[in-house]
$ cat coords23.txt   # compact mmCIF, C-alpha atoms
# COMPACT_ATOMS: atom_id res chain seq x y z
CA MET A 1 0.00 0.00 0.00
CA ALA A 2 1.47 3.35 -1.07
CA LEU A 3 0.38 6.59 -2.68
CA ASP A 4 1.77 7.10 -6.18
CA HIS A 5 4.91 9.26 -6.29
CA GLU A 6 3.37 12.16 -8.20
CA SER A 7 0.50 12.53 -5.74
CA PHE A 8 2.82 12.22 -2.74
CA ASP A 9 5.09 14.89 -4.20
CA ILE A 10 2.09 17.22 -4.08
CA LEU A 11 0.89 16.13 -0.65
CA LEU A 12 4.15 16.48 1.27
CA PRO A 13 4.84 20.13 0.34
CA ALA A 14 1.19 20.93 1.17
CA ILE A 15 1.69 19.49 4.65
CA GLN A 16 4.96 21.40 5.03
CA ARG A 17 3.11 24.65 4.20
CA PHE A 18 0.28 23.74 6.56
CA VAL A 19 2.74 23.19 9.41
CA ARG A 20 4.62 26.39 8.64
CA GLU A 21 1.69 28.71 7.93
CA ARG A 22 -1.14 27.33 10.09
CA LEU A 23 0.24 25.22 12.92
CA VAL A 24 3.40 27.01 14.02
CA PRO A 25 1.59 30.39 14.30
CA ALA A 26 -1.09 28.70 16.45
CA GLU A 27 1.40 27.28 18.99
CA ASN A 28 0.98 30.22 21.40
CA TYR A 29 -2.81 29.84 21.33
CA LEU A 30 -2.44 26.13 22.00
CA GLU A 31 -0.11 26.73 24.92
CA GLU A 32 -2.43 29.32 26.47
CA HIS A 33 -5.78 27.58 25.95
CA ASP A 34 -4.73 23.88 26.06
CA GLU A 35 -6.93 23.28 23.04
CA VAL A 36 -6.51 22.79 19.29
CA PRO A 37 -8.66 25.40 17.48
CA VAL A 38 -11.73 23.92 15.79
CA ASP A 39 -10.98 25.63 12.48
CA ILE A 40 -7.59 23.91 12.35
CA ILE A 41 -9.23 20.51 12.95
CA ASP A 42 -11.64 21.30 10.11
CA ASP A 43 -8.68 22.13 7.85
CA MET A 44 -7.08 18.80 8.77
CA ARG A 45 -10.22 16.98 7.66
CA GLU A 46 -10.30 18.91 4.40
CA MET A 47 -6.68 18.02 3.68
CA GLY A 48 -7.41 14.33 4.22
CA LEU A 49 -5.11 13.99 7.23
CA PHE A 50 -7.61 11.75 9.03
CA GLY A 51 -7.24 9.24 6.19
CA LEU A 52 -3.50 9.26 5.63
CA THR A 53 -3.00 5.54 6.34
CA VAL A 54 -6.47 4.26 5.43
CA PRO A 55 -6.47 2.46 2.05
CA GLU A 56 -8.05 4.27 -0.89
CA GLU A 57 -10.78 1.61 -1.14
CA TYR A 58 -12.08 2.87 2.22
CA GLY A 59 -11.83 6.55 1.33
CA GLY A 60 -8.32 7.25 2.60
CA ILE A 61 -5.01 8.22 1.01
CA GLY A 62 -3.19 4.95 1.73
CA LEU A 63 0.36 6.00 2.58
CA SER A 64 3.11 3.43 2.96
CA VAL A 65 5.14 3.50 6.16
CA SER A 66 8.05 5.13 4.28
CA GLN A 67 5.70 7.90 3.18
CA GLU A 68 4.01 8.19 6.56
CA ILE A 69 7.27 8.82 8.40
CA LEU A 70 8.09 11.70 6.03
CA VAL A 71 4.74 13.28 6.91
CA ASN A 72 5.29 12.70 10.62
CA TYR A 73 8.75 14.25 10.44
CA GLU A 74 7.10 17.46 9.23
CA LEU A 75 4.35 17.26 11.86
CA GLY A 76 7.02 16.72 14.51
CA ARG A 77 8.28 20.23 13.77
CA THR A 78 5.40 21.79 15.67
CA ALA A 79 3.46 21.20 18.90
CA SER A 80 2.59 17.55 19.48
CA ALA A 81 -1.11 18.22 20.06
CA PHE A 82 -1.75 19.06 16.42
CA ARG A 83 -0.71 15.62 15.21
CA SER A 84 -2.40 13.98 18.17
CA VAL A 85 -5.83 15.10 16.92
CA PHE A 86 -5.67 12.67 14.00
CA GLY A 87 -2.44 10.72 14.55
CA THR A 88 -3.80 8.37 17.20
CA ASN A 89 -6.94 7.93 15.10
CA ILE A 90 -5.17 6.70 11.95
CA GLY A 91 -2.39 5.06 13.95
CA ILE A 92 -2.85 2.82 16.94
CA GLY A 93 -6.54 3.69 17.17
CA SER A 94 -7.61 2.05 13.91
CA GLN A 95 -4.58 0.08 12.70
CA GLY A 96 -5.79 -3.01 14.54
CA ILE A 97 -8.92 -3.06 12.37
CA LEU A 98 -6.86 -2.45 9.23
CA MET A 99 -4.33 -5.17 10.04
CA ASP A 100 -6.51 -7.88 11.59
CA GLY A 101 -10.15 -6.86 11.24
CA THR A 102 -12.79 -8.77 9.30
CA SER A 103 -13.94 -7.39 5.95
CA GLU A 104 -17.19 -6.31 7.64
CA GLN A 105 -15.32 -4.44 10.39
CA LYS A 106 -13.12 -2.67 7.87
CA ALA A 107 -16.11 -1.61 5.77
CA ALA A 108 -18.03 -0.41 8.82
CA TYR A 109 -15.30 1.65 10.51
CA LEU A 110 -12.47 2.63 8.17
CA PRO A 111 -14.47 4.99 5.89
CA LYS A 112 -15.64 6.92 8.97
CA VAL A 113 -12.07 7.08 10.27
CA ALA A 114 -10.80 8.37 6.91
CA SER A 115 -13.39 11.14 6.74
CA GLY A 116 -12.77 12.26 10.31
CA GLU A 117 -16.35 11.41 11.25
CA LEU A 118 -15.10 8.82 13.74
CA ILE A 119 -12.22 9.34 16.16
CA MET A 120 -10.75 6.08 17.43
CA SER A 121 -8.46 5.60 20.39
CA PHE A 122 -6.26 2.73 21.65
CA ALA A 123 -6.95 1.40 25.15
CA LEU A 124 -4.30 -1.01 26.41
CA THR A 125 -2.63 0.57 29.47
CA GLU A 126 -4.17 0.05 32.91
CA PRO A 127 -3.39 1.31 36.44
CA ALA A 128 -1.44 -1.91 37.15
CA ALA A 129 -0.48 -2.87 33.59
CA GLY A 130 1.66 -0.45 31.63
CA THR A 131 5.00 -1.82 30.57
CA ASP A 132 3.77 -5.31 31.51
CA ALA A 133 0.82 -5.12 29.12
CA ALA A 134 0.26 -8.89 29.13
CA SER A 135 -0.83 -8.68 32.77
CA LEU A 136 -3.86 -6.48 32.08
CA LYS A 137 -6.86 -7.08 34.33
CA THR A 138 -9.84 -5.72 32.36
CA LYS A 139 -12.19 -8.69 32.10
CA ALA A 140 -14.53 -9.67 29.28
CA ASP A 141 -17.09 -12.34 30.22
CA LEU A 142 -19.08 -14.02 27.45
CA GLU A 143 -22.85 -14.04 27.96
CA GLY A 144 -24.62 -15.34 24.88
CA ASP A 145 -23.77 -13.10 21.94
CA TYR A 146 -22.28 -10.37 24.15
CA TYR A 147 -19.20 -9.85 26.29
CA THR A 148 -19.55 -7.89 29.52
CA LEU A 149 -16.47 -5.73 30.12
CA ASN A 150 -15.26 -4.49 33.50
CA GLY A 151 -12.03 -2.66 34.28
CA THR A 152 -10.14 0.63 33.97
CA LYS A 153 -7.83 1.89 31.24
CA ARG A 154 -5.34 4.65 32.03
CA PHE A 155 -3.63 7.52 30.11
CA ILE A 156 -5.77 6.90 27.02
CA THR A 157 -4.89 9.44 24.33
CA ASN A 158 -7.84 11.15 22.64
CA ALA A 159 -10.32 9.36 24.91
CA PRO A 160 -12.38 12.55 25.44
CA ARG A 161 -12.72 12.91 21.65
CA ALA A 162 -13.12 9.21 20.80
CA GLY A 163 -16.23 7.71 19.25
CA ALA A 164 -14.80 4.19 19.62
CA PHE A 165 -11.87 2.37 21.16
CA THR A 166 -9.62 -0.47 20.10
CA LEU A 167 -9.65 -1.95 23.59
CA MET A 168 -7.81 -4.95 24.99
CA ALA A 169 -9.56 -7.15 27.55
CA ARG A 170 -9.05 -10.60 29.00
CA THR A 171 -11.36 -13.26 27.54
CA GLY A 172 -9.22 -16.21 28.62
CA GLY A 173 -6.60 -17.25 31.13
CA PRO A 174 -3.48 -15.38 32.32
CA GLY A 175 -0.82 -14.06 29.98
CA ALA A 176 -0.85 -12.77 26.42
CA ASP A 177 -2.90 -15.63 24.96
CA GLY A 178 -5.91 -14.72 27.08
CA ILE A 179 -6.26 -11.20 25.63
CA SER A 180 -8.69 -10.16 22.90
CA ALA A 181 -9.03 -6.88 21.01
CA PHE A 182 -12.49 -5.31 20.95
CA ILE A 183 -14.05 -2.44 19.05
CA VAL A 184 -15.89 -0.58 21.82
CA PRO A 185 -18.12 2.39 20.89
CA SER A 186 -17.84 5.18 23.46
CA SER A 187 -21.63 5.57 23.55
CA LEU A 188 -22.21 2.18 25.20
CA PRO A 189 -23.87 2.31 28.64
CA GLY A 190 -21.39 1.82 31.47
CA LEU A 191 -18.42 3.37 29.66
CA ILE A 192 -17.30 6.32 31.76
CA LEU A 193 -14.51 8.83 31.12
CA GLY A 194 -12.37 10.05 33.99
CA LYS A 195 -11.20 13.64 34.41
CA ILE A 196 -8.76 14.93 31.80
CA ASP A 197 -5.16 14.42 32.93
CA LYS A 198 -2.91 17.38 33.73
CA LYS A 199 0.47 16.63 32.18
CA MET A 200 4.00 18.00 32.27
CA GLY A 201 3.87 18.94 28.60
CA GLN A 202 2.09 18.31 25.32
CA ARG A 203 -0.61 20.86 26.06
CA GLY A 204 -3.66 20.44 23.86
CA THR A 205 -3.42 16.64 23.87
CA LYS A 206 -6.26 14.99 25.75
CA THR A 207 -5.81 11.88 27.90
CA CYS A 208 -7.94 10.38 30.64
CA ASP A 209 -9.05 7.12 32.25
CA VAL A 210 -11.67 4.95 30.54
CA ILE A 211 -13.77 3.10 33.11
CA LEU A 212 -15.84 0.07 32.11
CA GLU A 213 -18.72 -0.93 34.37
CA ASN A 214 -20.68 -3.87 32.94
CA VAL A 215 -20.30 -2.62 29.37
CA ARG A 216 -22.01 -5.04 26.98
CA VAL A 217 -20.13 -5.41 23.69
CA PRO A 218 -21.34 -7.67 20.84
CA ALA A 219 -19.11 -10.71 20.34
CA GLU A 220 -18.84 -9.72 16.68
CA ASN A 221 -16.85 -6.68 17.82
CA ILE A 222 -13.78 -8.81 18.57
CA ILE A 223 -11.24 -7.66 15.99
CA GLY A 224 -10.82 -10.44 13.45
CA GLY A 225 -13.66 -12.39 15.07
CA VAL A 226 -11.25 -14.69 16.93
CA PRO A 227 -10.72 -14.43 20.72
CA GLY A 228 -7.20 -14.62 22.12
CA GLN A 229 -5.46 -12.72 19.31
CA GLY A 230 -5.61 -9.27 20.90
CA PHE A 231 -2.09 -9.11 22.29
CA LYS A 232 -0.62 -10.05 18.91
CA THR A 233 -2.75 -7.36 17.26
CA ALA A 234 -1.58 -4.80 19.82
CA MET A 235 2.09 -5.60 19.24
CA LYS A 236 1.74 -5.30 15.45
CA VAL A 237 -0.03 -1.99 15.86
CA LEU A 238 2.66 -0.72 18.23
CA ASP A 239 5.45 -1.58 15.79
CA ARG A 240 4.10 0.88 13.25
CA GLY A 241 3.26 3.38 15.95
CA ARG A 242 6.77 3.27 17.40
CA LEU A 243 8.28 3.95 14.01
CA ASN A 244 6.11 7.02 13.62
CA ILE A 245 7.02 8.26 17.11
CA SER A 246 10.64 7.92 15.97
CA ALA A 247 9.93 10.10 12.93
CA VAL A 248 8.14 12.68 15.09
CA SER A 249 11.17 12.74 17.40
CA CYS A 250 13.45 13.51 14.46
CA GLY A 251 11.15 16.28 13.24
CA LEU A 252 11.03 17.81 16.71
CA ALA A 253 14.84 17.65 16.96
CA SER A 254 15.14 19.50 13.65
CA ARG A 255 12.81 22.27 14.90
CA ILE A 256 14.76 22.63 18.15
CA ILE A 257 18.02 22.88 16.21
CA ASP A 258 16.50 25.58 13.98
CA GLU A 259 15.31 27.57 17.00
CA SER A 260 18.71 27.19 18.67
CA ARG A 261 20.81 28.27 15.70
CA ARG A 262 18.58 31.32 15.14
CA TYR A 263 18.98 32.30 18.77
CA ALA A 264 22.75 31.69 18.59
CA ARG A 265 22.99 34.08 15.62
CA ASP A 266 20.86 36.80 17.24
CA ARG A 267 21.93 36.71 20.90
CA LYS A 268 25.05 38.73 21.66
CA GLN A 269 27.40 38.43 24.61
CA PHE A 270 30.90 39.84 25.07
CA GLY A 271 30.40 41.93 21.95
CA LYS A 272 29.53 39.16 19.47
CA ALA A 273 26.89 36.56 18.61
CA ILE A 274 27.05 33.58 20.95
CA GLY A 275 27.10 31.34 17.88
CA GLU A 276 30.68 32.46 17.32
CA PHE A 277 31.76 30.72 20.51
CA GLN A 278 33.06 27.22 19.88
CA LEU A 279 31.24 25.62 22.81
CA ILE A 280 27.88 26.78 21.37
CA GLN A 281 28.92 25.43 17.98
CA ALA A 282 29.85 22.11 19.60
CA MET A 283 26.36 21.71 21.08
CA LEU A 284 24.77 22.49 17.72
CA ALA A 285 27.13 20.07 15.98
CA ASP A 286 26.37 17.22 18.39
CA SER A 287 22.65 17.77 17.94
CA GLN A 288 22.85 17.84 14.16
CA ALA A 289 25.00 14.70 13.99
CA GLU A 290 22.63 12.78 16.26
CA LEU A 291 19.60 13.95 14.28
CA LEU A 292 21.08 12.79 10.97
CA ALA A 293 22.03 9.42 12.49
CA GLY A 294 18.55 8.93 13.95
CA TRP A 295 16.72 9.98 10.80
CA SER A 296 18.83 7.67 8.65
CA LEU A 297 17.98 4.78 10.96
CA VAL A 298 14.24 5.57 10.91
CA LYS A 299 14.13 5.74 7.10
CA ASP A 300 16.03 2.46 6.76
CA VAL A 301 13.69 0.62 9.14
CA ALA A 302 10.62 2.07 7.40
CA GLN A 303 11.81 0.68 4.05
CA ARG A 304 12.31 -2.74 5.64
CA PHE A 305 8.85 -2.51 7.23
CA ASP A 306 7.29 -1.83 3.83
CA GLY A 307 9.21 -4.75 2.35
CA LYS A 308 7.75 -7.43 4.61
CA PRO A 309 4.42 -9.16 3.82
CA PRO A 310 1.55 -6.89 4.89
CA HIS A 311 0.12 -7.42 8.37
CA VAL A 312 2.71 -10.12 9.21
CA SER A 313 4.97 -9.85 12.25
CA ASP A 314 8.72 -10.15 11.70
CA PRO A 315 10.82 -10.36 14.91
CA ASP A 316 13.90 -8.91 13.21
CA ILE A 317 11.98 -5.88 11.93
CA SER A 318 10.33 -5.45 15.35
CA MET A 319 13.81 -5.38 16.85
CA ARG A 320 14.89 -2.72 14.35
CA VAL A 321 11.76 -0.69 15.09
CA SER A 322 12.74 -0.78 18.77
CA CYS A 323 16.26 0.37 17.86
CA ALA A 324 14.77 3.35 16.01
CA LYS A 325 12.37 4.20 18.82
CA LEU A 326 15.09 3.90 21.47
CA PHE A 327 17.65 5.99 19.60
CA ALA A 328 15.37 8.68 18.19
CA THR A 329 13.44 9.40 21.39
CA GLU A 330 16.57 9.46 23.55
CA MET A 331 18.25 11.62 20.89
CA VAL A 332 15.54 14.28 20.90
CA GLY A 333 15.74 14.47 24.68
CA ARG A 334 19.43 15.34 24.43
CA VAL A 335 18.79 17.81 21.61
CA ALA A 336 16.05 19.51 23.65
CA ASP A 337 18.36 19.78 26.65
CA ARG A 338 21.08 21.37 24.52
CA GLY A 339 18.50 23.71 23.00
CA VAL A 340 17.59 25.04 26.44
CA GLN A 341 21.29 25.34 27.32
CA ILE A 342 22.05 27.35 24.18
CA HIS A 343 19.20 29.72 25.02
CA GLY A 344 20.53 30.13 28.57
CA GLY A 345 18.02 31.68 30.98
CA ALA A 346 15.68 32.47 28.10
CA GLY A 347 15.40 28.74 27.42
CA TYR A 348 13.70 28.31 30.79
CA MET A 349 11.01 30.83 29.90
CA ASN A 350 7.67 29.72 28.50
CA GLU A 351 7.66 32.37 25.77
CA TYR A 352 10.43 30.51 23.92
CA PRO A 353 9.49 27.35 21.97
CA VAL A 354 12.44 25.33 23.29
CA GLU A 355 11.03 25.43 26.83
CA ARG A 356 7.78 23.86 25.62
CA PHE A 357 9.54 21.36 23.36
CA TYR A 358 11.78 20.31 26.25
CA ARG A 359 8.66 19.29 28.18
CA ASP A 360 6.96 17.75 25.14
CA ALA A 361 9.98 15.61 24.26
CA ARG A 362 10.08 13.90 27.64
CA LEU A 363 6.95 11.84 26.96
CA LEU A 364 8.38 10.33 23.77
CA ARG A 365 10.65 8.05 25.79
CA LEU A 366 7.66 6.69 27.72
CA TYR A 367 4.60 6.05 25.62
CA GLU A 368 4.13 3.22 23.13
CA GLY A 369 6.83 1.37 25.03
CA THR A 370 9.47 2.89 27.31
CA THR A 371 13.14 2.99 26.39
CA GLN A 372 13.67 0.07 28.76
CA VAL A 373 11.04 -2.02 26.96
CA GLN A 374 12.80 -1.32 23.67
CA GLN A 375 16.09 -2.47 25.22
CA LEU A 376 14.46 -5.74 26.30
CA ILE A 377 12.99 -6.35 22.84
CA ILE A 378 16.35 -5.69 21.18
CA GLY A 379 18.34 -7.79 23.63
CA ARG A 380 16.01 -10.78 23.50
CA GLU A 381 15.89 -10.82 19.71
CA LEU A 382 19.68 -10.58 19.42
CA LEU A 383 20.08 -13.55 21.75
CA ARG A 384 17.45 -15.52 19.82
CA GLN A 385 19.09 -15.04 16.43
CA ASP A 386 21.70 -17.51 15.14

$ encode --input "coords23.txt" --output "structure tokens"
Amino acid sequence: MALDHESFDILLPAIQRFVRERLVPAENYLEEHDEVPVDIIDDMREMGLFGLTVPEEYGGIGLSVSQEILVNYELGRTASAFRSVFGTNIGIGSQGILMDGTSEQKAAYLPKVASGELIMSFALTEPAAGTDAASLKTKADLEGDYYTLNGTKRFITNAPRAGAFTLMARTGGPGADGISAFIVPSSLPGLILGKIDKKMGQRGTKTCDVILENVRVPAENIIGGVPGQGFKTAMKVLDRGRLNISAVSCGLASRIIDESRRYARDRKQFGKAIGEFQLIQAMLADSQAELLAGWSLVKDVAQRFDGKPPHVSDPDISMRVSCAKLFATEMVGRVADRGVQIHGGAGYMNEYPVERFYRDARLLRLYEGTTQVQQLIIGRELLRQD
């Protein structure tokens, strides 16, 4: 699945202009009001951003992973909340249906996702099951043609906006094999949203708990129609999601470097621009070298991802995805720290973008699998290989 080159060559510059002319100027509004303006969301729908990864047969654009990371690099160059509006929807929110759903599930949900009519979210994490996702406690008990769901999901991105969730619940015994993936409409009785979380950064993104109290879900809403496959679906979805987080990290690093070099040219101390001092140049050089290394890695892994059979897990590629996620998200943290250092005291002030990006970048090393989880995936796969 990929958009033809001519069409993509039109789309990517349009997204670059949209980021530069619409999103970057709205960053101050976002920071002040903790909300993405409605007119910007409408523009995103018009541009087709809600359908970037949905196949054309379901009304989307149908980008390959190699194309998607180029788009996410550009979206990484502005506040995270803008991408979050549609990124979770076309990413981990609906990818489970695209990868493993039945033909009926795809036909029922993907066109609405592509148009922006339906916002989907991904509900895996729980109060006692984050990194150890296979230990989740949310229970799904079969009663005739329905499952009754009880449990709590935590830190669920876009939950306040979501019309449906790709939600993991336990239909069987302990461990990964007992987990199934459900499509759970947010309108079902017994589904309750907690208060919106107050976070360190990423203002404008909306996360909260999703509480399930005797929520009755039709058995036909199990993704793929087969119980016990949910953990495998979640891991496949997260592979693609982690690669896109890696691309966002590289885009954010490039924006921080741009802000830092502009400040280094304009700010004067001891009678000259601070960019003329070698220690400032060294920080810029380290950041640029790490960015180029990370971006090269992300692009290489994306090409490998596109080269494997669609919707099939490949442990070696999963390991490479984890390498990209580990390196890129740790890299942007270092770049953000240097950006604040180059700005000096000004870098600690909210009016400068680097202060906000410093806070935004910190989450990238945590969600969709912490750095330590990526280390475990990499280490285990290396020991498994001949």

$ closest_residue --input "coords23.txt" --among "A:Pro353, A:Gly275, A:Gly339, A:Pro315" --to "Arg384 (chain A)" --atoms "all atoms listed in the file"
A:Pro315

$ atom_distance --input "coords23.txt" --atom1 "CA of Leu149 (chain A)" --atom2 "CA of Val215 (chain A)"
5.0 Å

$ closest_residue --input "coords23.txt" --among "A:Gly271, A:Gly344, A:Ile92, A:Leu70" --to "Trp295 (chain A)" --atoms "only C-alpha atoms"
A:Leu70

$ residues_around --input "coords23.txt" --residues "region 106-110 of chain A" --least-positions-apart "4" --cutoff "7 Å" --atoms "only C-alpha atoms" --output "list in words"
Val54, Tyr58, Ile97, Leu98, Gly101, Thr102 and Ala114 of chain A

$ closest_residue --input "coords23.txt" --among "A:Thr78, A:Gln375, A:Ser296, A:Ser246" --to "Arg22 (chain A)" --atoms "only C-alpha atoms"
A:Thr78

$ decode --input "coords23.txt" --residues "region 58-68 of chain A" --atoms "all heavy atoms" --output "PDB file, in the first residue's frame"
ATOM      1  N   TYR A  58     -11.221   2.464   1.109  1.00  0.00           N
ATOM      2  CA  TYR A  58     -12.081   2.868   2.218  1.00  0.00           C
ATOM      3  C   TYR A  58     -12.139   4.388   2.361  1.00  0.00           C
ATOM      4  O   TYR A  58     -12.559   4.904   3.402  1.00  0.00           O
ATOM      5  CB  TYR A  58     -11.589   2.241   3.522  1.00  0.00           C
ATOM      6  CG  TYR A  58     -11.614   0.734   3.502  1.00  0.00           C
ATOM      7  CD1 TYR A  58     -10.432  -0.004   3.478  1.00  0.00           C
ATOM      8  CD2 TYR A  58     -12.819   0.030   3.486  1.00  0.00           C
ATOM      9  CE1 TYR A  58     -10.444  -1.394   3.449  1.00  0.00           C
ATOM     10  CE2 TYR A  58     -12.842  -1.363   3.453  1.00  0.00           C
ATOM     11  CZ  TYR A  58     -11.660  -2.059   3.431  1.00  0.00           C
ATOM     12  OH  TYR A  58     -11.682  -3.439   3.405  1.00  0.00           O
ATOM     13  N   GLY A  59     -11.719   5.097   1.334  1.00  0.00           N
ATOM     14  CA  GLY A  59     -11.828   6.546   1.334  1.00  0.00           C
ATOM     15  C   GLY A  59     -10.624   7.301   1.837  1.00  0.00           C
ATOM     16  O   GLY A  59     -10.677   8.528   1.990  1.00  0.00           O
ATOM     17  N   GLY A  60      -9.523   6.586   2.097  1.00  0.00           N
ATOM     18  CA  GLY A  60      -8.325   7.246   2.599  1.00  0.00           C
ATOM     19  C   GLY A  60      -7.300   7.518   1.516  1.00  0.00           C
ATOM     20  O   GLY A  60      -7.580   7.394   0.316  1.00  0.00           O
ATOM     21  N   ILE A  61      -6.102   7.896   1.931  1.00  0.00           N
ATOM     22  CA  ILE A  61      -5.011   8.216   1.012  1.00  0.00           C
ATOM     23  C   ILE A  61      -4.096   7.012   0.821  1.00  0.00           C
ATOM     24  O   ILE A  61      -3.538   6.817  -0.251  1.00  0.00           O
ATOM     25  CB  ILE A  61      -4.226   9.442   1.535  1.00  0.00           C
ATOM     26  CG1 ILE A  61      -5.140  10.680   1.511  1.00  0.00           C
ATOM     27  CG2 ILE A  61      -2.973   9.691   0.700  1.00  0.00           C
ATOM     28  CD1 ILE A  61      -4.506  11.921   2.104  1.00  0.00           C
ATOM     29  N   GLY A  62      -3.929   6.197   1.858  1.00  0.00           N
ATOM     30  CA  GLY A  62      -3.193   4.948   1.733  1.00  0.00           C
ATOM     31  C   GLY A  62      -1.692   5.083   1.649  1.00  0.00           C
ATOM     32  O   GLY A  62      -1.051   4.496   0.776  1.00  0.00           O
ATOM     33  N   LEU A  63      -1.096   5.841   2.586  1.00  0.00           N
ATOM     34  CA  LEU A  63       0.359   5.996   2.581  1.00  0.00           C
ATOM     35  C   LEU A  63       1.056   4.716   3.019  1.00  0.00           C
ATOM     36  O   LEU A  63       0.570   3.982   3.870  1.00  0.00           O
ATOM     37  CB  LEU A  63       0.780   7.128   3.521  1.00  0.00           C
ATOM     38  CG  LEU A  63       0.281   8.541   3.236  1.00  0.00           C
ATOM     39  CD1 LEU A  63       0.932   9.518   4.209  1.00  0.00           C
ATOM     40  CD2 LEU A  63       0.548   8.951   1.796  1.00  0.00           C
ATOM     41  N   SER A  64       2.224   4.473   2.449  1.00  0.00           N
ATOM     42  CA  SER A  64       3.112   3.434   2.957  1.00  0.00           C
ATOM     43  C   SER A  64       3.767   3.953   4.229  1.00  0.00           C
ATOM     44  O   SER A  64       3.694   5.149   4.555  1.00  0.00           O
ATOM     45  CB  SER A  64       4.186   3.099   1.923  1.00  0.00           C
ATOM     46  OG  SER A  64       5.048   4.222   1.751  1.00  0.00           O
ATOM     47  N   VAL A  65       4.446   3.071   4.951  1.00  0.00           N
ATOM     48  CA  VAL A  65       5.143   3.499   6.160  1.00  0.00           C
ATOM     49  C   VAL A  65       6.263   4.482   5.803  1.00  0.00           C
ATOM     50  O   VAL A  65       6.485   5.470   6.506  1.00  0.00           O
ATOM     51  CB  VAL A  65       5.696   2.292   6.931  1.00  0.00           C
ATOM     52  CG1 VAL A  65       6.528   2.745   8.135  1.00  0.00           C
ATOM     53  CG2 VAL A  65       4.557   1.406   7.403  1.00  0.00           C
ATOM     54  N   SER A  66       6.966   4.228   4.703  1.00  0.00           N
ATOM     55  CA  SER A  66       8.047   5.126   4.283  1.00  0.00           C
ATOM     56  C   SER A  66       7.525   6.517   3.963  1.00  0.00           C
ATOM     57  O   SER A  66       8.218   7.523   4.195  1.00  0.00           O
ATOM     58  CB  SER A  66       8.767   4.540   3.060  1.00  0.00           C
ATOM     59  OG  SER A  66       9.422   3.335   3.393  1.00  0.00           O
ATOM     60  N   GLN A  67       6.310   6.600   3.440  1.00  0.00           N
ATOM     61  CA  GLN A  67       5.696   7.903   3.178  1.00  0.00           C
ATOM     62  C   GLN A  67       5.164   8.525   4.462  1.00  0.00           C
ATOM     63  O   GLN A  67       5.302   9.735   4.691  1.00  0.00           O
ATOM     64  CB  GLN A  67       4.567   7.749   2.159  1.00  0.00           C
ATOM     65  CG  GLN A  67       5.046   7.374   0.766  1.00  0.00           C
ATOM     66  CD  GLN A  67       3.904   7.000  -0.163  1.00  0.00           C
ATOM     67  OE1 GLN A  67       2.838   6.546   0.278  1.00  0.00           O
ATOM     68  NE2 GLN A  67       4.106   7.176  -1.455  1.00  0.00           N
ATOM     69  N   GLU A  68       4.588   7.694   5.312  1.00  0.00           N
ATOM     70  CA  GLU A  68       4.009   8.191   6.563  1.00  0.00           C
ATOM     71  C   GLU A  68       5.063   8.821   7.466  1.00  0.00           C
ATOM     72  O   GLU A  68       4.811   9.849   8.102  1.00  0.00           O
ATOM     73  CB  GLU A  68       3.306   7.054   7.290  1.00  0.00           C
ATOM     74  CG  GLU A  68       2.494   7.511   8.491  1.00  0.00           C
ATOM     75  CD  GLU A  68       1.845   6.362   9.244  1.00  0.00           C
ATOM     76  OE1 GLU A  68       2.122   5.182   8.923  1.00  0.00           O
ATOM     77  OE2 GLU A  68       1.082   6.646  10.186  1.00  0.00           O
TER      78      GLU A  68
END
